[in-house]
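These notes concern the structure reproduced below.
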Amino acid sequence: MSFRSRDPIHNFIYLPADLAPIVNSSPLQRLRNIRQLALASLVYPGALHTRFDHTLGVTHVAGLMAEQLKVEGAELRLIRLAGLLHDTGHGPFSHVSEASLDWFGDKEKLKPEQKEHKIHEAVTAEIIRTDPELCQIIPDAERESVIQLLGNGYGRSVLKQIVSGPLDADKQDYLLRDSYFCGVQYGHYDLAQLQRSLVLPDPDGDLMIDEDGVHAVEQFVLAKYYMTANIYRHRVRLITDQMITRAIRLGIESDNLEPMKRLYTFDGTAGFIRNYQKWDDARFMETFSPVHGSPPGPKSGAMLRRLRERKLLKEVFKDPIGKPYHSKSWETLRGLHKRAADTLSKAVAQRVAAYLTEQLGLKHENAIDPDFVIAHSYGIKSARESSRNDEEGILVNVKPAPQPFTDESTLFKSINEQYSDNFVVVFAPIEWPNPDTKDALRARWKEPIRSMIQEEWGRTKT
């Protein structure tokens with residue numbers, strides 16, 4: 001007997017019967033209530049699929065990859081376990097929670113092994129290591145092996161590459177799944193042909209593709225690039241993600257909400273993990289922005305109310321990042337100088353809020369609140385760079401020696417490595433006086449806001 005599930009992407013998903021208790025465990029079932037793409041449904045109404053759907057898909061695809069590469073026995077079980085458990089550390093609204101976990105996590109209290117990875121990865125490891133149900137179902141040694149595999153790797157390199165690499169099962173599933181539920185064609189590629197192209201010339205070496213698979217990989221990499229440009233970096237998706245992140249920040253720093261602090265201040269303890277696993281999208285919204293009654297935090301509640309009612313912030317400024325910004329983004333600066341980036345964002349928000357208040361002729365009591373002005377930056381990697389996972393690229397099994405995919409593909413050899421898009425944007429809580437004049441107003445505001453950002457950037461760097 002095997003576990004069987006209907007799936008709109010893979011038709012039927014079959015898993016060994018001994019994995020069914022893991023699928024039915026609380027850590028996995030919680031993922032039914034966490035949407036894969038956060039609030040992308042506000043722009044793509046069908047994007048209501050969940051981390052649970054995706055988890056089953058990843059496990060299925062990982063099994064297909066293992067079958068193609070003749071990975072069997074204990075290694076195959078380990079790969080499937082990693083597929084099932086890799087997303088158990090997601091918080092409300094999936095990846096949107098990661099920024100808040102990294103921002104508010106108490107890194108001084110973490111164990112040495114917890115400091116090796118990003119905090120959301122450490123959360124995943126602690127859930128796998130300590131959850132009572134998982135401890136009963138999966139032996140200790142297997143759970144530790146899964147944690148290692150999801151971290152720096154375990155055993156043969158091909159195991160890690162199936163779970164996390166440029167052609168991993170995670171990407172193979174989410175591109176097709178997200179494309180399907182968003183109602184777009186950008187993420188389509190030939191899954192069966194890609195799978196047939198996978199080869200493992202050396203059992204202890206790296207996963208590669210054969211020469212006939214170059215076009216299948218081109219299709220796959222372009223699907224990833226187009227999904228990033230059109231779905232994951234869609235203007236409304238960016239706005240909703242940033243609104244959630246700002247609501248969390250305001251809830252902790254301005255409203256002093258203890259439940260929100262406990263949810264996002266990871267300290268490495270079992271108490272944090274127990275509490276964290278009780279939260280999902282619905283509980284988060286109902287706790288901090290109830291449908292009936294007043295929210296516990298005025299600032300965070302007001303931002304979340306906007307999301308409930310789809311009264312989104314507006315994009316008042318967008319500019320490519322270039323020499324005026326020293327080719328750095330807020331995220332880059334934050335990674336190096338967290339305080340400096342925070343100071344920069346707040347200073348820009350203050351000035352933009354005052355400027356827009358004046359431009360829109362608002363009275364003092366209706367002035368724009370700087371806490372609701374968000375300065376953000378983001379990038380879209382070039383299609384060539386999208387073919388890599390960190391520094392790891394895709395290898396083609398050719399004679400006399402394997403070659404990088406980007407050298408074997410005529411199409412990708414013609415793509416400039418430097419061709420990528422990086423932008424700085426500003427979102428604000430305004431209503432356009434006249435929708436027909438929106439573009440004209442943004443054009444008029446562009447140079448003044450650009451000057452404000454450049455001036456504040458200069459002060460921050462000095």
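Following the order of the structure tokens, first chain is A, next is B, and so on, with residues numbered from 1 inside each chain and ligands from 1 in the order they appear.
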**Message:** Show me, as number ranges by chain, the residues that have an atom within 9 Å of His215 (chain A) when counting only C-alpha atoms, minus same-chain residues fewer than 4 positions from it.
**Reply:** A: 194, 211, 219-220, 409
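Between CA of Val158 (chain A) and CA of Asp210 (chain A) there is a distance of 15.5 Å.
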**Request:** Measure the distance from CA of Ala367 (chain A) to CA of Met260 (chain A) in Å and round it to one decimal.
**Result:** 27.8 Å
**Request:** Using DSSP on the backbone, list every residue of region 70-152 of chain A that comes out as helix (DSSP H, G or I), and give them as an MDAnalysis selection string.
**Result:** chainID A and resid 73:85 96:104 107:109 112:115 119:130 132:137 140:150
**Item:** Surrounding residues of Arg80 (chain A) excluding itself and chain neighbours under 6 positions, 10 Å, only C-alpha atoms, as a list in words
**Value:**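 Listed by chain and then number, they are Leu15, Pro16, Leu19, Leu56, Val58, Thr59, His60, Val61, Ala62, Gly63, Ala66, Ala74, His86, Val146 and Val163 of chain A.
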**Request:** List the neighbours of Ala229 (chain A) out to 12 Å using only C-alpha atoms; skip same-chain residues closer than 3 positions along the sequence, and give me the result as a list in words.
**Result:**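 Near Ala229 (chain A), the qualifying residues are Tyr186, Gly187, Leu222, Ala223, Lys224, Tyr225, Tyr226, Tyr232, Arg233, His234, Arg235, Arg237, Leu238, Tyr378, Gly379, Ile380, Lys381, Ser382, Ala383, Ser386, Ser420, Asp421 and Asn422 of chain A.
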Write the residues you've just listed into a file as a PDB file, in the first residue's frame, and include C-alpha atoms for each of them.
```
ATOM      1  CA  TYR A 186       5.545  31.972 -17.521  1.00  0.00           C
ATOM      2  CA  GLY A 187       6.554  28.966 -15.413  1.00  0.00           C
ATOM      3  CA  LEU A 222      13.935  30.968 -18.534  1.00  0.00           C
ATOM      4  CA  ALA A 223      10.774  29.863 -16.705  1.00  0.00           C
ATOM      5  CA  LYS A 224      12.468  30.768 -13.414  1.00  0.00           C
ATOM      6  CA  TYR A 225      13.570  34.133 -14.795  1.00  0.00           C
ATOM      7  CA  TYR A 226      10.128  35.034 -16.198  1.00  0.00           C
ATOM      8  CA  TYR A 232       7.548  37.167  -7.608  1.00  0.00           C
ATOM      9  CA  ARG A 233       8.567  40.784  -8.320  1.00  0.00           C
ATOM     10  CA  HIS A 234       5.154  42.002  -9.464  1.00  0.00           C
ATOM     11  CA  ARG A 235       4.477  45.496  -8.138  1.00  0.00           C
ATOM     12  CA  ARG A 237       3.137  41.424  -4.726  1.00  0.00           C
ATOM     13  CA  LEU A 238       6.042  43.608  -3.588  1.00  0.00           C
ATOM     14  CA  TYR A 378      14.892  44.687  -4.990  1.00  0.00           C
ATOM     15  CA  GLY A 379      16.649  42.989  -7.868  1.00  0.00           C
ATOM     16  CA  ILE A 380      15.941  40.579 -10.697  1.00  0.00           C
ATOM     17  CA  LYS A 381      18.930  38.443 -11.634  1.00  0.00           C
ATOM     18  CA  SER A 382      19.887  38.083 -15.266  1.00  0.00           C
ATOM     19  CA  ALA A 383      18.661  34.923 -16.986  1.00  0.00           C
ATOM     20  CA  SER A 386      19.384  32.513 -12.720  1.00  0.00           C
ATOM     21  CA  SER A 420      20.119  42.378 -14.358  1.00  0.00           C
ATOM     22  CA  ASP A 421      17.539  44.789 -13.012  1.00  0.00           C
ATOM     23  CA  ASN A 422      17.841  46.488  -9.622  1.00  0.00           C
TER      24      ASN A 422
END
```
**Asked** What is the CA of Asp206 (chain A)-CA of Ala401 (chain A) distance in Å, reported with one decimal?
**Response**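 According to the coordinates, CA of Asp206 (chain A) and CA of Ala401 (chain A) are separated by 12.8 Å.
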**Using only C-alpha atoms: which of A:Val71, A:Glu108, A:Ile127, A:Gln242 has the shortest distance to Leu39 (chain A)** =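 That would be A:Gln242, the residue with the smallest distance to Leu39 (chain A).
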**Message:** I'd like the neighbourhood of Leu360 (chain A) as a list in words, where a residue qualifies if any of its atoms comes within 12 Å (using only C-alpha atoms), though same-chain residues fewer than 2 positions away should be ignored.
**Reply:**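 Listed by chain and then number, they are Val352, Ala353, Ala354, Tyr355, Leu356, Thr357, Glu358, Leu362, Lys363, His364, Asn366, Ala367, Ile368, Pro429, Ile430, Glu431, Trp432, Pro433, Asn434, Leu441 and Trp445 of chain A.
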For the selection you just gave me, I'd like the residues written to a file as a short mmCIF file (atom, residue, chain, number, x, y, z; two decimals), in the first residue's frame, keeping N, CA and C atoms.
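What follows is the written file out34.cif:
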```
data_model
loop_
_atom_site.label_atom_id
_atom_site.label_comp_id
_atom_site.auth_asym_id
_atom_site.auth_seq_id
_atom_site.Cartn_x
_atom_site.Cartn_y
_atom_site.Cartn_z
N VAL A 352 9.86 61.98 2.43
CA VAL A 352 8.86 61.71 1.41
C VAL A 352 7.46 61.97 1.94
N ALA A 353 7.20 61.60 3.20
CA ALA A 353 5.88 61.85 3.80
C ALA A 353 5.57 63.33 3.82
N ALA A 354 6.54 64.14 4.24
CA ALA A 354 6.33 65.59 4.29
C ALA A 354 6.12 66.16 2.89
N TYR A 355 6.89 65.68 1.94
CA TYR A 355 6.79 66.17 0.57
C TYR A 355 5.43 65.83 -0.04
N LEU A 356 4.97 64.58 0.11
CA LEU A 356 3.69 64.18 -0.47
C LEU A 356 2.53 64.88 0.22
N THR A 357 2.64 65.09 1.53
CA THR A 357 1.60 65.83 2.24
C THR A 357 1.42 67.21 1.63
N GLU A 358 2.53 67.87 1.37
CA GLU A 358 2.49 69.19 0.75
C GLU A 358 1.96 69.12 -0.68
N LEU A 362 -2.70 68.20 1.66
CA LEU A 362 -3.38 67.63 2.81
C LEU A 362 -3.26 68.55 4.02
N LYS A 363 -4.31 68.58 4.82
CA LYS A 363 -4.26 69.36 6.05
C LYS A 363 -3.46 68.61 7.11
N HIS A 364 -3.06 69.34 8.14
CA HIS A 364 -2.17 68.77 9.15
C HIS A 364 -2.73 67.49 9.75
N ASN A 366 -4.53 65.35 8.47
CA ASN A 366 -4.54 64.26 7.49
C ASN A 366 -3.16 64.00 6.90
N ALA A 367 -2.14 64.53 7.55
CA ALA A 367 -0.78 64.39 7.03
C ALA A 367 -0.39 62.91 6.94
N ILE A 368 0.45 62.60 5.98
CA ILE A 368 0.89 61.23 5.77
C ILE A 368 1.83 60.80 6.90
N PRO A 429 0.94 55.71 1.65
CA PRO A 429 -0.50 55.56 1.85
C PRO A 429 -1.28 56.74 1.27
N ILE A 430 -1.35 56.80 -0.05
CA ILE A 430 -2.08 57.90 -0.69
C ILE A 430 -3.17 57.34 -1.60
N GLU A 431 -4.08 58.21 -1.97
CA GLU A 431 -5.04 57.91 -3.02
C GLU A 431 -4.77 58.90 -4.15
N TRP A 432 -4.70 58.41 -5.36
CA TRP A 432 -4.46 59.31 -6.48
C TRP A 432 -5.63 60.25 -6.64
N PRO A 433 -5.40 61.58 -6.69
CA PRO A 433 -6.51 62.53 -6.86
C PRO A 433 -7.34 62.22 -8.09
N ASN A 434 -6.65 61.77 -9.14
CA ASN A 434 -7.32 61.41 -10.38
C ASN A 434 -6.49 60.30 -11.02
N LEU A 441 1.83 62.57 -12.15
CA LEU A 441 2.26 62.92 -10.79
C LEU A 441 3.55 62.19 -10.43
N TRP A 445 7.11 63.88 -9.36
CA TRP A 445 7.71 63.64 -8.05
C TRP A 445 9.07 62.94 -8.14
#
```
**Message:** For a quick check of understanding, using only C-alpha atoms, which of A:Lys160, A:His376, A:Lys107, A:Arg246 has the smallest distance to Phe317 (chain A)?
**Reply:** A:His376
**Contacts of Gly205 (chain A) at 8 Å (only C-alpha atoms; same-chain gap of 2+ positions) as a list of chain:residue names** = A:Arg156, A:Ser157, A:Val158, A:Leu200, A:Pro201, A:Asp202, A:Pro203, A:Leu207
